[in-house]
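Here's model-v4.pdb, which has PDB, C-alpha atoms:
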```
ATOM      1  CA  MET A  55       9.596  19.364 -22.360  1.00  0.00           C
ATOM      2  CA  ASN A  56      12.448  19.145 -24.896  1.00  0.00           C
ATOM      3  CA  ALA A  57      13.331  15.533 -24.107  1.00  0.00           C
ATOM      4  CA  PRO A  58      13.493  13.237 -27.105  1.00  0.00           C
ATOM      5  CA  THR A  59      10.678  10.723 -27.595  1.00  0.00           C
ATOM      6  CA  ALA A  60      10.011   7.944 -30.079  1.00  0.00           C
ATOM      7  CA  CYS A  61       8.683   9.538 -33.292  1.00  0.00           C
ATOM      8  CA  ASN A  62       8.529  12.848 -31.385  1.00  0.00           C
ATOM      9  CA  GLU A  63       5.202  11.745 -29.862  1.00  0.00           C
ATOM     10  CA  GLN A  64       5.779  13.609 -26.556  1.00  0.00           C
ATOM     11  CA  GLN A  65       3.195  11.438 -24.786  1.00  0.00           C
ATOM     12  CA  TRP A  66       4.473  11.824 -21.233  1.00  0.00           C
ATOM     13  CA  LYS A  67       2.323  12.732 -18.266  1.00  0.00           C
ATOM     14  CA  ILE A  68       3.823  13.711 -14.922  1.00  0.00           C
ATOM     15  CA  VAL A  69       2.141  13.247 -11.555  1.00  0.00           C
ATOM     16  CA  GLN A  70       3.697  15.851  -9.230  1.00  0.00           C
ATOM     17  CA  ILE A  71       3.613  14.626  -5.619  1.00  0.00           C
ATOM     18  CA  ASP A  72       4.256  17.018  -2.723  1.00  0.00           C
ATOM     19  CA  ASP A  73       1.770  15.644  -0.200  1.00  0.00           C
ATOM     20  CA  LYS A  74       3.864  14.090   2.585  1.00  0.00           C
ATOM     21  CA  ASP A  75       1.044  11.651   3.399  1.00  0.00           C
ATOM     22  CA  ILE A  76       1.115  10.285  -0.148  1.00  0.00           C
ATOM     23  CA  ILE A  77       4.916  10.031  -0.100  1.00  0.00           C
ATOM     24  CA  GLN A  78       4.747   8.237   3.254  1.00  0.00           C
ATOM     25  CA  ASP A  79       2.083   5.904   1.860  1.00  0.00           C
ATOM     26  CA  LEU A  80       4.367   5.062  -1.070  1.00  0.00           C
ATOM     27  CA  TYR A  81       7.121   4.228   1.418  1.00  0.00           C
ATOM     28  CA  GLN A  82       4.762   2.132   3.545  1.00  0.00           C
ATOM     29  CA  ARG A  83       3.650   0.217   0.460  1.00  0.00           C
ATOM     30  CA  GLY A  84       7.252  -0.875  -0.055  1.00  0.00           C
ATOM     31  CA  SER A  85       8.996   1.852  -2.032  1.00  0.00           C
ATOM     32  CA  ALA A  86      12.668   2.719  -1.532  1.00  0.00           C
ATOM     33  CA  SER A  87      13.380   3.535   2.131  1.00  0.00           C
ATOM     34  CA  PHE A  88      14.893   6.963   1.540  1.00  0.00           C
ATOM     35  CA  LEU A  89      11.608   8.085  -0.016  1.00  0.00           C
ATOM     36  CA  GLN A  90      10.251   8.682   3.493  1.00  0.00           C
ATOM     37  CA  ASN A  91      12.692  11.618   3.748  1.00  0.00           C
ATOM     38  CA  ALA A  92      11.673  13.202   0.428  1.00  0.00           C
ATOM     39  CA  ASN A  93       9.652  16.413   0.311  1.00  0.00           C
ATOM     40  CA  GLN A  94       8.551  16.066  -3.284  1.00  0.00           C
ATOM     41  CA  CYS A  95       8.795  13.726  -6.221  1.00  0.00           C
ATOM     42  CA  PHE A  96       7.079  12.990  -9.489  1.00  0.00           C
ATOM     43  CA  LEU A  97       5.827   9.874 -11.195  1.00  0.00           C
ATOM     44  CA  ALA A  98       6.677   9.836 -14.882  1.00  0.00           C
ATOM     45  CA  CYS A  99       4.110   8.043 -17.029  1.00  0.00           C
ATOM     46  CA  TYR A 100       4.051   7.451 -20.758  1.00  0.00           C
ATOM     47  CA  ASN A 101       1.418   6.361 -23.261  1.00  0.00           C
ATOM     48  CA  LYS A 102       2.067   2.646 -23.826  1.00  0.00           C
ATOM     49  CA  ARG A 103       0.129   2.382 -27.109  1.00  0.00           C
ATOM     50  CA  SER A 104       2.815   1.779 -29.663  1.00  0.00           C
ATOM     51  CA  ASP A 105       3.351  -0.545 -32.579  1.00  0.00           C
ATOM     52  CA  ASN A 106       6.960  -1.033 -31.460  1.00  0.00           C
ATOM     53  CA  ARG A 107       6.537  -3.281 -28.418  1.00  0.00           C
ATOM     54  CA  GLU A 108       9.864  -5.010 -29.086  1.00  0.00           C
ATOM     55  CA  TRP A 109      11.826  -1.878 -28.140  1.00  0.00           C
ATOM     56  CA  LEU A 110       9.352  -0.575 -25.546  1.00  0.00           C
ATOM     57  CA  ASP A 111       9.118   2.909 -27.044  1.00  0.00           C
ATOM     58  CA  HIS A 112       7.083   4.147 -24.086  1.00  0.00           C
ATOM     59  CA  ILE A 113       9.719   3.107 -21.534  1.00  0.00           C
ATOM     60  CA  GLN A 114      12.542   4.600 -23.582  1.00  0.00           C
ATOM     61  CA  SER A 115      10.647   7.846 -24.118  1.00  0.00           C
ATOM     62  CA  GLY A 116       9.759   8.116 -20.427  1.00  0.00           C
ATOM     63  CA  ALA A 117      13.382   7.374 -19.510  1.00  0.00           C
ATOM     64  CA  ALA A 118      14.581  10.106 -21.897  1.00  0.00           C
ATOM     65  CA  PHE A 119      12.277  12.572 -20.124  1.00  0.00           C
ATOM     66  CA  ILE A 120      13.662  11.603 -16.716  1.00  0.00           C
ATOM     67  CA  THR A 121      17.281  11.784 -17.858  1.00  0.00           C
ATOM     68  CA  THR A 122      16.760  15.175 -19.482  1.00  0.00           C
ATOM     69  CA  PHE A 123      15.064  16.426 -16.299  1.00  0.00           C
ATOM     70  CA  GLN A 124      17.921  15.147 -14.133  1.00  0.00           C
ATOM     71  CA  LEU A 125      20.625  16.740 -16.260  1.00  0.00           C
ATOM     72  CA  LEU A 126      18.815  20.072 -16.408  1.00  0.00           C
ATOM     73  CA  ALA A 127      18.016  19.992 -12.677  1.00  0.00           C
ATOM     74  CA  HIS A 128      21.668  19.305 -11.826  1.00  0.00           C
ATOM     75  CA  THR A 129      22.777  22.359 -13.800  1.00  0.00           C
ATOM     76  CA  MET A 130      20.426  24.397 -11.588  1.00  0.00           C
ATOM     77  CA  GLY A 131      21.776  22.946  -8.329  1.00  0.00           C
ATOM     78  CA  VAL A 132      18.904  20.505  -7.873  1.00  0.00           C
ATOM     79  CA  GLY A 133      19.677  16.901  -7.081  1.00  0.00           C
ATOM     80  CA  SER A 134      17.433  14.018  -8.049  1.00  0.00           C
ATOM     81  CA  CYS A 135      17.140  10.284  -7.701  1.00  0.00           C
ATOM     82  CA  TRP A 136      15.475   7.914 -10.147  1.00  0.00           C
ATOM     83  CA  ILE A 137      13.500   5.297  -8.217  1.00  0.00           C
ATOM     84  CA  GLY A 138      12.395   2.007  -9.688  1.00  0.00           C
ATOM     85  CA  HIS A 139      11.981   0.284  -6.318  1.00  0.00           C
ATOM     86  CA  LEU A 140       8.221   0.777  -6.127  1.00  0.00           C
ATOM     87  CA  PRO A 141       5.019  -1.234  -5.778  1.00  0.00           C
ATOM     88  CA  ASN A 142       3.638  -2.939  -8.883  1.00  0.00           C
ATOM     89  CA  LYS A 143       2.668  -0.637 -11.712  1.00  0.00           C
ATOM     90  CA  SER A 144      -0.968  -1.731 -11.502  1.00  0.00           C
ATOM     91  CA  GLU A 145      -1.037  -0.656  -7.844  1.00  0.00           C
ATOM     92  CA  LEU A 146       0.420   2.741  -8.743  1.00  0.00           C
ATOM     93  CA  GLN A 147      -2.146   3.111 -11.521  1.00  0.00           C
ATOM     94  CA  ARG A 148      -4.957   2.558  -9.019  1.00  0.00           C
ATOM     95  CA  MET A 149      -3.341   4.722  -6.339  1.00  0.00           C
ATOM     96  CA  PHE A 150      -2.933   7.723  -8.658  1.00  0.00           C
ATOM     97  CA  ASP A 151      -5.940   7.014 -10.876  1.00  0.00           C
ATOM     98  CA  ILE A 152      -3.698   6.779 -13.955  1.00  0.00           C
ATOM     99  CA  HIS A 153      -5.505   6.285 -17.246  1.00  0.00           C
ATOM    100  CA  PRO A 154      -5.113   2.671 -18.477  1.00  0.00           C
ATOM    101  CA  VAL A 155      -3.310   3.774 -21.656  1.00  0.00           C
ATOM    102  CA  TYR A 156      -0.505   5.302 -19.563  1.00  0.00           C
ATOM    103  CA  GLU A 157       2.120   3.266 -17.734  1.00  0.00           C
ATOM    104  CA  PRO A 158       4.286   4.450 -14.844  1.00  0.00           C
ATOM    105  CA  VAL A 159       7.956   4.516 -15.867  1.00  0.00           C
ATOM    106  CA  ALA A 160       9.658   5.601 -12.626  1.00  0.00           C
ATOM    107  CA  LEU A 161       9.438   7.906  -9.636  1.00  0.00           C
ATOM    108  CA  VAL A 162      11.931  10.759  -9.308  1.00  0.00           C
ATOM    109  CA  THR A 163      12.711  12.622  -6.101  1.00  0.00           C
ATOM    110  CA  TYR A 164      14.370  16.013  -6.312  1.00  0.00           C
ATOM    111  CA  GLY A 165      15.537  18.880  -4.163  1.00  0.00           C
ATOM    112  CA  PHE A 166      18.382  21.277  -3.573  1.00  0.00           C
ATOM    113  CA  TYR A 167      21.696  19.749  -2.565  1.00  0.00           C
ATOM    114  CA  ARG A 168      22.479  20.040   1.147  1.00  0.00           C
ATOM    115  CA  ASN A 169      26.237  19.846   0.644  1.00  0.00           C
ATOM    116  CA  LYS A 170      28.726  20.278  -2.133  1.00  0.00           C
ATOM    117  CA  VAL A 171      28.229  17.664  -4.838  1.00  0.00           C
ATOM    118  CA  LYS A 172      30.899  14.984  -5.026  1.00  0.00           C
ATOM    119  CA  THR A 173      31.624  13.315  -8.317  1.00  0.00           C
ATOM    120  CA  LEU A 174      31.632   9.573  -7.790  1.00  0.00           C
ATOM    121  CA  PRO A 175      34.287   7.583  -9.592  1.00  0.00           C
ATOM    122  CA  ARG A 176      33.034   5.585 -12.539  1.00  0.00           C
ATOM    123  CA  LYS A 177      32.997   1.807 -12.097  1.00  0.00           C
ATOM    124  CA  HIS A 178      34.545   1.002 -15.468  1.00  0.00           C
ATOM    125  CA  ASP A 179      37.198   2.488 -17.688  1.00  0.00           C
ATOM    126  CA  VAL A 180      35.843   3.875 -20.958  1.00  0.00           C
ATOM    127  CA  SER A 181      37.957   1.337 -22.884  1.00  0.00           C
ATOM    128  CA  ARG A 182      35.821  -1.458 -21.390  1.00  0.00           C
ATOM    129  CA  ILE A 183      32.545   0.272 -22.243  1.00  0.00           C
ATOM    130  CA  ILE A 184      33.003   1.449 -25.820  1.00  0.00           C
ATOM    131  CA  MET A 185      33.652  -1.373 -28.281  1.00  0.00           C
ATOM    132  CA  LYS A 186      34.324  -0.975 -31.961  1.00  0.00           C
ATOM    133  CA  ASN A 187      32.133  -2.775 -34.490  1.00  0.00           C
ATOM    134  CA  ARG A 188      31.211  -5.700 -32.236  1.00  0.00           C
ATOM    135  CA  PHE A 189      30.415  -6.570 -28.634  1.00  0.00           C
ATOM    136  CA  VAL A 190      33.497  -7.904 -26.841  1.00  0.00           C
ATOM    137  CA  SER A 191      32.621 -10.111 -23.892  1.00  0.00           C
ATOM    138  CA  ASP A 192      35.836 -11.942 -23.041  1.00  0.00           C
ATOM    139  CA  HIS A 193      36.562  -9.591 -20.110  1.00  0.00           C
ATOM    140  CA  LEU A 194      33.121  -9.846 -18.486  1.00  0.00           C
ATOM    141  CA  VAL A 195      32.907 -11.356 -15.004  1.00  0.00           C
ATOM    142  CA  PHE A 196      29.569 -12.050 -13.312  1.00  0.00           C
ATOM    143  CA  ASP A 197      29.069 -12.659  -9.615  1.00  0.00           C
ATOM    144  CA  LEU A 198      26.540 -15.440  -9.205  1.00  0.00           C
ATOM    145  CA  SER A 199      26.303 -14.972  -5.431  1.00  0.00           C
ATOM    146  CA  ARG A 200      24.044 -11.920  -5.717  1.00  0.00           C
ATOM    147  CA  SER A 201      20.996 -14.178  -5.322  1.00  0.00           C
ATOM    148  CA  THR A 202      18.848 -12.292  -7.796  1.00  0.00           C
ATOM    149  CA  LEU A 203      16.531 -15.282  -8.208  1.00  0.00           C
ATOM    150  CA  PHE A 204      15.672 -15.264  -4.493  1.00  0.00           C
ATOM    151  CA  ARG A 205      15.240 -11.490  -4.505  1.00  0.00           C
ATOM    152  CA  THR A 206      13.085 -11.589  -7.647  1.00  0.00           C
ATOM    153  CA  ILE A 207      10.776 -14.246  -6.219  1.00  0.00           C
ATOM    154  CA  GLY A 208      10.646 -12.478  -2.846  1.00  0.00           C
ATOM    155  CA  ARG A 209       9.818  -9.152  -4.499  1.00  0.00           C
ATOM    156  CA  TYR A 210       7.085 -10.762  -6.593  1.00  0.00           C
ATOM    157  CA  ILE A 211       5.462 -12.373  -3.552  1.00  0.00           C
ATOM    158  CA  TYR A 212       5.841  -9.259  -1.375  1.00  0.00           C
ATOM    159  CA  TYR A 213       4.097  -6.980  -3.866  1.00  0.00           C
ATOM    160  CA  LYS A 214       1.270  -9.482  -4.398  1.00  0.00           C
ATOM    161  CA  ILE A 215       0.387  -9.118  -0.717  1.00  0.00           C
ATOM    162  CA  PRO A 216      -2.323  -6.457  -0.248  1.00  0.00           C
ATOM    163  CA  ALA A 217      -0.931  -3.047   0.728  1.00  0.00           C
ATOM    164  CA  VAL A 218      -2.712  -3.104   4.081  1.00  0.00           C
ATOM    165  CA  PHE A 219      -0.553  -6.094   5.135  1.00  0.00           C
ATOM    166  CA  ARG A 220       2.600  -4.759   3.476  1.00  0.00           C
ATOM    167  CA  ARG A 221       2.369  -1.639   5.648  1.00  0.00           C
ATOM    168  CA  LYS A 222       2.509  -3.868   8.742  1.00  0.00           C
ATOM    169  CA  LEU A 223       5.498  -5.825   7.369  1.00  0.00           C
ATOM    170  CA  ARG A 224       7.410  -2.791   6.114  1.00  0.00           C
ATOM    171  CA  HIS A 225       9.839  -2.531   9.046  1.00  0.00           C
ATOM    172  CA  MET A 226      10.908  -6.146   8.467  1.00  0.00           C
ATOM    173  CA  THR A 227      11.626  -5.709   4.755  1.00  0.00           C
ATOM    174  CA  VAL A 228      14.164  -2.874   4.846  1.00  0.00           C
ATOM    175  CA  PRO A 229      17.227  -5.179   5.218  1.00  0.00           C
ATOM    176  CA  TYR A 230      16.208  -6.987   2.010  1.00  0.00           C
ATOM    177  CA  GLU A 231      15.568  -3.858  -0.017  1.00  0.00           C
ATOM    178  CA  LYS A 232      17.517  -3.281  -3.181  1.00  0.00           C
ATOM    179  CA  LYS A 233      20.475  -1.095  -2.319  1.00  0.00           C
ATOM    180  CA  PHE A 234      23.172   0.628  -4.293  1.00  0.00           C
ATOM    181  CA  TYR A 235      25.731  -1.941  -5.358  1.00  0.00           C
ATOM    182  CA  TYR A 236      29.428  -1.240  -5.572  1.00  0.00           C
ATOM    183  CA  GLU A 237      30.543  -4.423  -7.306  1.00  0.00           C
ATOM    184  CA  THR A 238      33.441  -4.309  -9.699  1.00  0.00           C
ATOM    185  CA  PHE A 239      31.892  -6.886 -12.014  1.00  0.00           C
ATOM    186  CA  ASP A 240      29.346  -6.500 -14.783  1.00  0.00           C
TER     187      ASP A 240
END
```
Starting from the coordinates I provided, produce the structure as structure tokens.
Amino acid sequence: MNAPTACNEQQWKIVQIDDKDIIQDLYQRGSASFLQNANQCFLACYNKRSDNREWLDHIQSGAAFITTFQLLAHTMGVGSCWIGHLPNKSELQRMFDIHPVYEPVALVTYGFYRNKVKTLPRKHDVSRIIMKNRFVSDHLVFDLSRSTLFRTIGRYIYYKIPAVFRRKLRHMTVPYEKKFYYETFD
């Protein structure tokens, strides 16, 4: 509850989900595959009425809540995973009967660690992340083979299909699901 928010509005609402049938339904509707193994999660929502649409205050404020939760949970031995691989926001709003003024920001799973936590190496040296007085882009390398256009179009089409059909197609979509990337480029 101490997470920062735009203008200290504190307009978040959290939908706590511990019903395995609901979690399984989220998975069947096309959410991240590992969600089917989760015991609990929450959907962070934030009031989207803002006069600062350019900077998406509601998304930033919801993200600050999630980050603060994750840092605090980790200090207590609770792991978490921020999930943005979900059905369309309008579908989630109907599924959870979310008030139209509120927008889902992300889903977060959490639970106690099974094993000792390993610190993953960072992908970039701090000297390539922090720039002084201006953005330096001469060292950036982009991999154009990631086929994001195909994946974006495919995702759009997939989530426009009614959920009843998506459930039947779910087993075929897992190989195309967004996964963790380990590229060395930006």
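Near (-1.1, 8.7, -18.3), the residues inside the 12 Å limit, counting only C-alpha atoms, come to A:Gln64, A:Gln65, A:Trp66, A:Lys67, A:Ile68, A:Val69, A:Leu97, A:Ala98, A:Cys99, A:Tyr100, A:Asn101, A:Lys102, A:Arg103, A:His112, A:Gly116, A:Leu146, A:Gln147, A:Arg148, A:Phe150, A:Asp151, A:Ile152, A:His153, A:Pro154, A:Val155, A:Tyr156, A:Glu157, A:Pro158, A:Val159.
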Item to complete: Give me the residues within 9 Å of Gly133 in chain A as JSON, numbers by chain, counting all atoms listed in the file and dropping any in the same chain fewer than 5 places off.
Response: {"A": [124, 127, 128, 163, 164, 165, 166, 167, 171]}
Practice prompt. Please write the residues picked by the PyMOL selection byres ((chain A and resi 122) around 12) on this file as a PyMOL selection string.
Written response: chain A and resi 55-59+115-121+123-129+134+136
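As for CA of Ala86 in chain A and CA of Ile137 in chain A, they are spaced 7.2 Å apart.
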Fill in: Residue nearest Cys135 in chain A - candidates A:Met149, A:Ala92, A:Lys74, A:Arg205, atoms counted: only C-alpha atoms
A:Ala92
Fill in: Pairwise distance for CA of Phe96 in chain A and CA of Leu161 in chain A, rounded to one decimal in Å
5.6 Å
Worksheet item: What does the distance from CA of Ser181 in chain A to CA of Phe196 in chain A come to in Å, to one decimal?
Response: 18.5 Å
Worksheet entry | Residue members of the PyMOL selection byres ((chain A and resi 140) around 12) in the file shown, as an NGL selection string | :A and (77 or 79-89 or 97 or 136-139 or 141-147 or 158-162 or 209-210 or 212-213 or 231-232)
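If you measure from each of A:Ile183, A:Val132, A:Leu194, A:Ala217 to Asn169 in chain A using all atoms listed in the file, the closest one turns out to be A:Val132.
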Quick one: residues within 9 Å of (5.5, 19.8, -2.5) (file frame), counting all atoms listed in the file, please, as a PDB file with C-alpha atoms, keeping the file's coordinate frame.
```pdb
ATOM      1  CA  GLN A  70       3.697  15.851  -9.230  1.00  0.00           C
ATOM      2  CA  ILE A  71       3.613  14.626  -5.619  1.00  0.00           C
ATOM      3  CA  ASP A  72       4.256  17.018  -2.723  1.00  0.00           C
ATOM      4  CA  ASP A  73       1.770  15.644  -0.200  1.00  0.00           C
ATOM      5  CA  LYS A  74       3.864  14.090   2.585  1.00  0.00           C
ATOM      6  CA  ASN A  93       9.652  16.413   0.311  1.00  0.00           C
ATOM      7  CA  GLN A  94       8.551  16.066  -3.284  1.00  0.00           C
ATOM      8  CA  CYS A  95       8.795  13.726  -6.221  1.00  0.00           C
TER       9      CYS A  95
END
```
